[in-house]
$ cat entry_0.cif   # mmCIF, C-alpha atoms
data_work
loop_
_atom_site.group_PDB
_atom_site.id
_atom_site.type_symbol
_atom_site.label_atom_id
_atom_site.label_comp_id
_atom_site.auth_asym_id
_atom_site.auth_seq_id
_atom_site.Cartn_x
_atom_site.Cartn_y
_atom_site.Cartn_z
ATOM 1 C CA MET A 279 -24.841 4.780 9.254
ATOM 2 C CA GLY A 280 -23.008 7.121 6.900
ATOM 3 C CA LEU A 281 -21.311 6.114 3.689
ATOM 4 C CA THR A 282 -17.846 6.320 5.256
ATOM 5 C CA MET A 283 -18.814 4.035 8.132
ATOM 6 C CA THR A 284 -20.479 1.605 5.720
ATOM 7 C CA PHE A 285 -17.322 1.492 3.623
ATOM 8 C CA LEU A 286 -15.056 1.018 6.642
ATOM 9 C CA LYS A 287 -17.260 -1.785 7.963
ATOM 10 C CA ALA A 288 -17.234 -3.526 4.567
ATOM 11 C CA TRP A 289 -13.479 -2.932 4.185
ATOM 12 C CA SER A 290 -12.718 -4.455 7.583
ATOM 13 C CA SER A 291 -14.575 -7.634 6.663
ATOM 14 C CA HIS A 292 -12.138 -8.418 3.837
ATOM 15 C CA SER A 293 -9.003 -10.509 4.310
ATOM 16 C CA ARG A 294 -5.533 -9.015 4.200
ATOM 17 C CA THR A 295 -4.937 -10.647 0.807
ATOM 18 C CA ASP A 296 -8.151 -9.163 -0.607
ATOM 19 C CA LYS A 297 -7.141 -5.699 0.616
ATOM 20 C CA VAL A 298 -3.627 -5.976 -0.841
ATOM 21 C CA ASN A 299 -5.014 -7.139 -4.178
ATOM 22 C CA PHE A 300 -7.668 -4.421 -4.298
ATOM 23 C CA ILE A 301 -5.264 -1.605 -3.455
ATOM 24 C CA SER A 302 -2.661 -2.936 -5.883
ATOM 25 C CA GLN A 303 -5.199 -3.162 -8.720
ATOM 26 C CA ASN A 304 -7.241 0.015 -8.032
ATOM 27 C CA PRO A 305 -5.010 2.851 -6.811
ATOM 28 C CA ASP A 306 -6.983 5.434 -8.790
ATOM 29 C CA TYR A 307 -10.045 4.983 -6.549
ATOM 30 C CA ALA A 308 -8.479 6.739 -3.578
ATOM 31 C CA SER A 309 -6.276 9.682 -2.712
ATOM 32 C CA ASP A 310 -2.655 9.126 -1.743
ATOM 33 C CA LYS A 311 -3.542 9.948 1.864
ATOM 34 C CA ALA A 312 -6.404 7.434 1.930
ATOM 35 C CA ILE A 313 -4.271 4.706 0.389
ATOM 36 C CA ALA A 314 -1.452 5.372 2.847
ATOM 37 C CA ALA A 315 -3.818 5.118 5.803
ATOM 38 C CA HIS A 316 -4.906 1.616 4.778
ATOM 39 C CA VAL A 317 -1.767 0.295 3.118
ATOM 40 C CA GLU A 318 0.684 0.889 5.951
ATOM 41 C CA ALA A 319 0.231 -2.615 7.350
ATOM 42 C CA TYR A 320 0.546 -4.154 3.881
ATOM 43 C CA LEU A 321 3.325 -2.013 2.404
ATOM 44 C CA PHE A 322 5.996 -4.697 2.279
ATOM 45 C CA ASP A 323 3.560 -7.237 0.813
ATOM 46 C CA ILE A 324 2.787 -4.783 -1.977
ATOM 47 C CA LEU A 325 6.479 -4.047 -2.552
ATOM 48 C CA ASP A 326 7.165 -7.791 -2.740
ATOM 49 C CA GLU A 327 4.417 -8.105 -5.361
ATOM 50 C CA MET A 328 6.138 -5.418 -7.427
ATOM 51 C CA GLY A 329 9.236 -7.619 -7.535
ATOM 52 C CA ASP A 330 11.624 -4.691 -8.032
ATOM 53 C CA PRO A 331 13.788 -4.007 -4.956
ATOM 54 C CA GLU A 332 15.778 -1.422 -6.937
ATOM 55 C CA TYR A 333 12.619 0.737 -7.083
ATOM 56 C CA VAL A 334 12.596 1.036 -3.290
ATOM 57 C CA ALA A 335 16.374 1.451 -3.113
ATOM 58 C CA GLN A 336 16.257 4.344 -5.592
ATOM 59 C CA TRP A 337 13.408 5.990 -3.692
ATOM 60 C CA LEU A 338 15.498 5.852 -0.509
ATOM 61 C CA ARG A 339 18.561 7.222 -2.342
ATOM 62 C CA ASP A 340 16.443 10.095 -3.668
ATOM 63 C CA LYS A 341 15.505 10.879 -0.046
ATOM 64 C CA GLY A 342 19.194 11.070 0.885
ATOM 65 C CA TYR A 343 19.704 7.612 2.399
ATOM 66 C CA ASP A 344 22.712 5.418 1.677
ATOM 67 C CA VAL A 345 21.526 2.052 0.355
ATOM 68 C CA ASN A 346 23.840 -0.923 0.090
ATOM 69 C CA LYS A 347 22.868 -4.427 -0.943
ATOM 70 C CA MET A 348 24.071 -7.026 1.545
#
$ encode --input "entry_0.cif" --output "C-alpha coordinates"
Amino acid sequence: MGLTMTFLKAWSSHSRTDKVNFISQNPDYASDKAIAAHVEAYLFDILDEMGDPEYVAQWLRDKGYDVNKM
(Lines of atoms letter the chains of each structure in order from A and count residues from 1; the text may use other names and numbers.)
(Lines give C-alpha, C1' and ligand atoms only; values in the text may rest on other atoms or scores of the structure.)
Protein backbone atom coordinates (compact mmCIF):
# COMPACT_ATOMS: atom_id res chain seq x y z
CA MET A 1 0.00 0.00 0.00
CA GLY A 2 1.42 3.37 -1.00
CA LEU A 3 1.83 6.34 1.28
CA THR A 4 -1.20 8.11 -0.19
CA MET A 5 -3.45 5.11 0.36
CA THR A 6 -2.11 4.68 3.90
CA PHE A 7 -2.86 8.32 4.65
CA LEU A 8 -6.36 8.15 3.15
CA LYS A 9 -7.14 5.00 5.13
CA ALA A 10 -5.92 6.62 8.36
CA TRP A 11 -7.75 9.87 7.54
CA SER A 12 -11.04 8.06 6.94
CA SER A 13 -10.85 6.42 10.35
CA HIS A 14 -11.03 9.78 12.15
CA SER A 15 -14.30 11.40 13.22
CA ARG A 16 -15.68 14.48 11.53
CA THR A 17 -14.77 16.57 14.59
CA ASP A 18 -11.18 15.30 14.53
CA LYS A 19 -10.88 16.18 10.84
CA VAL A 20 -12.33 19.68 11.33
CA ASN A 21 -9.98 20.32 14.25
CA PHE A 22 -6.93 19.01 12.40
CA ILE A 23 -7.59 21.03 9.25
CA SER A 24 -8.39 24.15 11.27
CA GLN A 25 -5.17 23.84 13.30
CA ASN A 26 -2.77 22.63 10.55
CA PRO A 27 -3.55 24.30 7.21
CA ASP A 28 0.15 24.59 6.35
CA TYR A 29 0.48 20.80 5.99
CA ALA A 30 -1.47 20.65 2.74
CA SER A 31 -1.96 22.54 -0.49
CA ASP A 32 -5.09 24.60 -1.04
CA LYS A 33 -6.34 21.97 -3.49
CA ALA A 34 -5.80 19.13 -1.00
CA ILE A 35 -7.51 21.03 1.79
CA ALA A 36 -10.46 21.88 -0.45
CA ALA A 37 -10.91 18.25 -1.44
CA HIS A 38 -11.29 17.18 2.19
CA VAL A 39 -12.88 20.26 3.73
CA GLU A 40 -15.86 20.59 1.41
CA ALA A 41 -18.13 18.57 3.69
CA TYR A 42 -16.95 20.50 6.75
CA LEU A 43 -16.75 24.03 5.33
CA PHE A 44 -19.65 25.50 7.28
CA ASP A 45 -18.46 23.90 10.52
CA ILE A 46 -15.08 25.56 10.02
CA LEU A 47 -16.69 28.90 9.18
CA ASP A 48 -18.81 28.64 12.33
CA GLU A 49 -15.64 28.02 14.35
CA MET A 50 -14.16 31.22 12.93
CA GLY A 51 -17.10 33.12 14.40
CA ASP A 52 -16.88 35.96 11.86
CA PRO A 53 -19.78 35.95 9.37
CA GLU A 54 -18.57 39.28 7.95
CA TYR A 55 -15.45 37.46 6.66
CA VAL A 56 -17.61 35.26 4.43
CA ALA A 57 -19.89 38.15 3.46
CA GLN A 58 -16.90 40.23 2.33
CA TRP A 59 -15.48 37.31 0.36
CA LEU A 60 -18.80 36.99 -1.48
CA ARG A 61 -18.94 40.76 -2.11
CA ASP A 62 -15.41 40.61 -3.54
CA LYS A 63 -16.66 37.93 -5.95
CA GLY A 64 -19.45 40.25 -7.12
CA TYR A 65 -22.36 38.90 -5.07
CA ASP A 66 -24.87 41.11 -3.27
CA VAL A 67 -24.95 40.18 0.42
CA ASN A 68 -27.67 41.39 2.73
CA LYS A 69 -28.13 40.42 6.36
CA MET A 70 -31.66 39.23 7.08
$ closest_residue --input "entry_0.cif" --among "A:Ala308, A:Val345, A:Val298, A:Ala315" --to "Glu327 in chain A" --atoms "only C-alpha atoms"
A:Val298
$ closest_residue --input "entry_0.cif" --among "A:Gly329, A:Leu338, A:Ala312, A:Tyr343" --to "Thr282 in chain A" --atoms "only C-alpha atoms"
A:Ala312
$ closest_residue --input "entry_0.cif" --among "A:Ser309, A:Asp323, A:Ala314, A:Met283" --to "Thr295 in chain A" --atoms "only C-alpha atoms"
A:Asp323
$ closest_residue --input "entry_0.cif" --among "A:Trp337, A:Lys287, A:Leu281, A:His316" --to "Phe300 in chain A" --atoms "all atoms listed in the file"
A:His316
$ atom_distance --input "entry_0.cif" --atom1 "CA of Ala319 in chain A" --atom2 "CA of Val334 in chain A"
16.7 Å
$ closest_residue --input "entry_0.cif" --among "A:Ser291, A:Thr284, A:Ser302, A:Asn346" --to "Asp326 in chain A" --atoms "only C-alpha atoms"
A:Ser302
$ atom_distance --input "entry_0.cif" --atom1 "CA of Val317 in chain A" --atom2 "CA of Ile301 in chain A"
7.7 Å
$ decode --input "entry_0.cif" --residues "range 293-337 of chain A" --atoms "N, CA and C atoms" --output "PDB file, in the first residue's frame"
ATOM      1  N   SER A 293     -12.950  10.822  13.184  1.00  0.00           N
ATOM      2  CA  SER A 293     -14.300  11.396  13.217  1.00  0.00           C
ATOM      3  C   SER A 293     -14.325  12.735  12.496  1.00  0.00           C
ATOM      4  N   ARG A 294     -15.511  13.189  12.174  1.00  0.00           N
ATOM      5  CA  ARG A 294     -15.685  14.481  11.529  1.00  0.00           C
ATOM      6  C   ARG A 294     -15.081  15.595  12.381  1.00  0.00           C
ATOM      7  N   THR A 295     -15.311  15.546  13.689  1.00  0.00           N
ATOM      8  CA  THR A 295     -14.775  16.565  14.589  1.00  0.00           C
ATOM      9  C   THR A 295     -13.254  16.565  14.562  1.00  0.00           C
ATOM     10  N   ASP A 296     -12.642  15.388  14.592  1.00  0.00           N
ATOM     11  CA  ASP A 296     -11.179  15.301  14.530  1.00  0.00           C
ATOM     12  C   ASP A 296     -10.650  15.920  13.236  1.00  0.00           C
ATOM     13  N   LYS A 297     -11.323  15.639  12.121  1.00  0.00           N
ATOM     14  CA  LYS A 297     -10.884  16.183  10.835  1.00  0.00           C
ATOM     15  C   LYS A 297     -11.009  17.701  10.816  1.00  0.00           C
ATOM     16  N   VAL A 298     -12.125  18.224  11.290  1.00  0.00           N
ATOM     17  CA  VAL A 298     -12.330  19.677  11.334  1.00  0.00           C
ATOM     18  C   VAL A 298     -11.252  20.322  12.190  1.00  0.00           C
ATOM     19  N   ASN A 299     -11.004  19.759  13.357  1.00  0.00           N
ATOM     20  CA  ASN A 299      -9.984  20.320  14.248  1.00  0.00           C
ATOM     21  C   ASN A 299      -8.600  20.266  13.620  1.00  0.00           C
ATOM     22  N   PHE A 300      -8.249  19.144  13.005  1.00  0.00           N
ATOM     23  CA  PHE A 300      -6.934  19.013  12.397  1.00  0.00           C
ATOM     24  C   PHE A 300      -6.741  20.025  11.272  1.00  0.00           C
ATOM     25  N   ILE A 301      -7.712  20.106  10.381  1.00  0.00           N
ATOM     26  CA  ILE A 301      -7.594  21.032   9.250  1.00  0.00           C
ATOM     27  C   ILE A 301      -7.546  22.469   9.745  1.00  0.00           C
ATOM     28  N   SER A 302      -8.364  22.791  10.734  1.00  0.00           N
ATOM     29  CA  SER A 302      -8.385  24.151  11.271  1.00  0.00           C
ATOM     30  C   SER A 302      -7.050  24.524  11.911  1.00  0.00           C
ATOM     31  N   GLN A 303      -6.401  23.573  12.557  1.00  0.00           N
ATOM     32  CA  GLN A 303      -5.171  23.841  13.297  1.00  0.00           C
ATOM     33  C   GLN A 303      -3.900  23.652  12.474  1.00  0.00           C
ATOM     34  N   ASN A 304      -3.975  22.972  11.322  1.00  0.00           N
ATOM     35  CA  ASN A 304      -2.775  22.633  10.553  1.00  0.00           C
ATOM     36  C   ASN A 304      -2.907  22.907   9.056  1.00  0.00           C
ATOM     37  N   PRO A 305      -3.358  24.062   8.651  1.00  0.00           N
ATOM     38  CA  PRO A 305      -3.548  24.299   7.215  1.00  0.00           C
ATOM     39  C   PRO A 305      -2.247  24.315   6.416  1.00  0.00           C
ATOM     40  N   ASP A 306      -1.124  24.520   7.070  1.00  0.00           N
ATOM     41  CA  ASP A 306       0.147  24.588   6.352  1.00  0.00           C
ATOM     42  C   ASP A 306       0.656  23.225   5.899  1.00  0.00           C
ATOM     43  N   TYR A 307       0.042  22.137   6.361  1.00  0.00           N
ATOM     44  CA  TYR A 307       0.479  20.799   5.992  1.00  0.00           C
ATOM     45  C   TYR A 307      -0.008  20.368   4.609  1.00  0.00           C
ATOM     46  N   ALA A 308      -0.903  21.091   4.016  1.00  0.00           N
ATOM     47  CA  ALA A 308      -1.469  20.653   2.745  1.00  0.00           C
ATOM     48  C   ALA A 308      -1.619  21.828   1.783  1.00  0.00           C
ATOM     49  N   SER A 309      -1.706  21.513   0.516  1.00  0.00           N
ATOM     50  CA  SER A 309      -1.956  22.535  -0.493  1.00  0.00           C
ATOM     51  C   SER A 309      -3.412  22.980  -0.412  1.00  0.00           C
ATOM     52  N   ASP A 310      -3.700  24.120  -1.001  1.00  0.00           N
ATOM     53  CA  ASP A 310      -5.087  24.599  -1.040  1.00  0.00           C
ATOM     54  C   ASP A 310      -6.000  23.572  -1.699  1.00  0.00           C
ATOM     55  N   LYS A 311      -5.533  22.956  -2.764  1.00  0.00           N
ATOM     56  CA  LYS A 311      -6.336  21.970  -3.489  1.00  0.00           C
ATOM     57  C   LYS A 311      -6.627  20.750  -2.604  1.00  0.00           C
ATOM     58  N   ALA A 312      -5.615  20.288  -1.874  1.00  0.00           N
ATOM     59  CA  ALA A 312      -5.799  19.131  -1.005  1.00  0.00           C
ATOM     60  C   ALA A 312      -6.750  19.447   0.142  1.00  0.00           C
ATOM     61  N   ILE A 313      -6.612  20.621   0.709  1.00  0.00           N
ATOM     62  CA  ILE A 313      -7.513  21.026   1.794  1.00  0.00           C
ATOM     63  C   ILE A 313      -8.938  21.099   1.270  1.00  0.00           C
ATOM     64  N   ALA A 314      -9.117  21.729   0.120  1.00  0.00           N
ATOM     65  CA  ALA A 314     -10.460  21.883  -0.445  1.00  0.00           C
ATOM     66  C   ALA A 314     -11.118  20.533  -0.707  1.00  0.00           C
ATOM     67  N   ALA A 315     -10.347  19.568  -1.151  1.00  0.00           N
ATOM     68  CA  ALA A 315     -10.905  18.248  -1.441  1.00  0.00           C
ATOM     69  C   ALA A 315     -11.461  17.574  -0.189  1.00  0.00           C
ATOM     70  N   HIS A 316     -10.857  17.831   0.955  1.00  0.00           N
ATOM     71  CA  HIS A 316     -11.291  17.181   2.194  1.00  0.00           C
ATOM     72  C   HIS A 316     -12.194  18.054   3.050  1.00  0.00           C
ATOM     73  N   VAL A 317     -12.153  19.351   2.841  1.00  0.00           N
ATOM     74  CA  VAL A 317     -12.883  20.256   3.730  1.00  0.00           C
ATOM     75  C   VAL A 317     -14.284  20.572   3.222  1.00  0.00           C
ATOM     76  N   GLU A 318     -14.577  20.235   1.998  1.00  0.00           N
ATOM     77  CA  GLU A 318     -15.862  20.590   1.407  1.00  0.00           C
ATOM     78  C   GLU A 318     -17.045  20.218   2.303  1.00  0.00           C
ATOM     79  N   ALA A 319     -17.018  19.021   2.844  1.00  0.00           N
ATOM     80  CA  ALA A 319     -18.128  18.566   3.690  1.00  0.00           C
ATOM     81  C   ALA A 319     -18.162  19.268   5.042  1.00  0.00           C
ATOM     82  N   TYR A 320     -17.068  19.902   5.423  1.00  0.00           N
ATOM     83  CA  TYR A 320     -16.950  20.502   6.750  1.00  0.00           C
ATOM     84  C   TYR A 320     -16.845  22.022   6.698  1.00  0.00           C
ATOM     85  N   LEU A 321     -16.996  22.593   5.513  1.00  0.00           N
ATOM     86  CA  LEU A 321     -16.755  24.027   5.329  1.00  0.00           C
ATOM     87  C   LEU A 321     -17.552  24.891   6.285  1.00  0.00           C
ATOM     88  N   PHE A 322     -18.832  24.642   6.425  1.00  0.00           N
ATOM     89  CA  PHE A 322     -19.650  25.501   7.276  1.00  0.00           C
ATOM     90  C   PHE A 322     -19.334  25.310   8.753  1.00  0.00           C
ATOM     91  N   ASP A 323     -18.907  24.110   9.146  1.00  0.00           N
ATOM     92  CA  ASP A 323     -18.456  23.895  10.521  1.00  0.00           C
ATOM     93  C   ASP A 323     -17.217  24.745  10.804  1.00  0.00           C
ATOM     94  N   ILE A 324     -16.305  24.766   9.856  1.00  0.00           N
ATOM     95  CA  ILE A 324     -15.080  25.556  10.021  1.00  0.00           C
ATOM     96  C   ILE A 324     -15.404  27.044  10.057  1.00  0.00           C
ATOM     97  N   LEU A 325     -16.298  27.497   9.182  1.00  0.00           N
ATOM     98  CA  LEU A 325     -16.687  28.905   9.182  1.00  0.00           C
ATOM     99  C   LEU A 325     -17.374  29.282  10.488  1.00  0.00           C
ATOM    100  N   ASP A 326     -18.185  28.387  11.030  1.00  0.00           N
ATOM    101  CA  ASP A 326     -18.813  28.640  12.334  1.00  0.00           C
ATOM    102  C   ASP A 326     -17.758  28.774  13.427  1.00  0.00           C
ATOM    103  N   GLU A 327     -16.722  27.946  13.364  1.00  0.00           N
ATOM    104  CA  GLU A 327     -15.641  28.019  14.352  1.00  0.00           C
ATOM    105  C   GLU A 327     -14.920  29.362  14.285  1.00  0.00           C
ATOM    106  N   MET A 328     -14.817  29.920  13.080  1.00  0.00           N
ATOM    107  CA  MET A 328     -14.158  31.216  12.927  1.00  0.00           C
ATOM    108  C   MET A 328     -14.938  32.306  13.650  1.00  0.00           C
ATOM    109  N   GLY A 329     -16.260  32.180  13.673  1.00  0.00           N
ATOM    110  CA  GLY A 329     -17.098  33.123  14.400  1.00  0.00           C
ATOM    111  C   GLY A 329     -17.149  34.513  13.799  1.00  0.00           C
ATOM    112  N   ASP A 330     -16.878  34.641  12.493  1.00  0.00           N
ATOM    113  CA  ASP A 330     -16.875  35.956  11.859  1.00  0.00           C
ATOM    114  C   ASP A 330     -17.657  35.907  10.544  1.00  0.00           C
ATOM    115  N   PRO A 331     -18.986  36.030  10.604  1.00  0.00           N
ATOM    116  CA  PRO A 331     -19.780  35.948   9.375  1.00  0.00           C
ATOM    117  C   PRO A 331     -19.450  37.061   8.380  1.00  0.00           C
ATOM    118  N   GLU A 332     -18.935  38.181   8.860  1.00  0.00           N
ATOM    119  CA  GLU A 332     -18.567  39.276   7.953  1.00  0.00           C
ATOM    120  C   GLU A 332     -17.417  38.870   7.031  1.00  0.00           C
ATOM    121  N   TYR A 333     -16.557  37.966   7.480  1.00  0.00           N
ATOM    122  CA  TYR A 333     -15.454  37.462   6.657  1.00  0.00           C
ATOM    123  C   TYR A 333     -16.003  36.806   5.390  1.00  0.00           C
ATOM    124  N   VAL A 334     -16.996  35.952   5.566  1.00  0.00           N
ATOM    125  CA  VAL A 334     -17.613  35.258   4.429  1.00  0.00           C
ATOM    126  C   VAL A 334     -18.382  36.252   3.564  1.00  0.00           C
ATOM    127  N   ALA A 335     -19.113  37.151   4.204  1.00  0.00           N
ATOM    128  CA  ALA A 335     -19.888  38.148   3.457  1.00  0.00           C
ATOM    129  C   ALA A 335     -18.966  39.000   2.582  1.00  0.00           C
ATOM    130  N   GLN A 336     -17.831  39.412   3.114  1.00  0.00           N
ATOM    131  CA  GLN A 336     -16.902  40.231   2.332  1.00  0.00           C
ATOM    132  C   GLN A 336     -16.300  39.434   1.187  1.00  0.00           C
ATOM    133  N   TRP A 337     -16.011  38.164   1.427  1.00  0.00           N
ATOM    134  CA  TRP A 337     -15.481  37.314   0.356  1.00  0.00           C
ATOM    135  C   TRP A 337     -16.486  37.229  -0.794  1.00  0.00           C
TER     136      TRP A 337
END
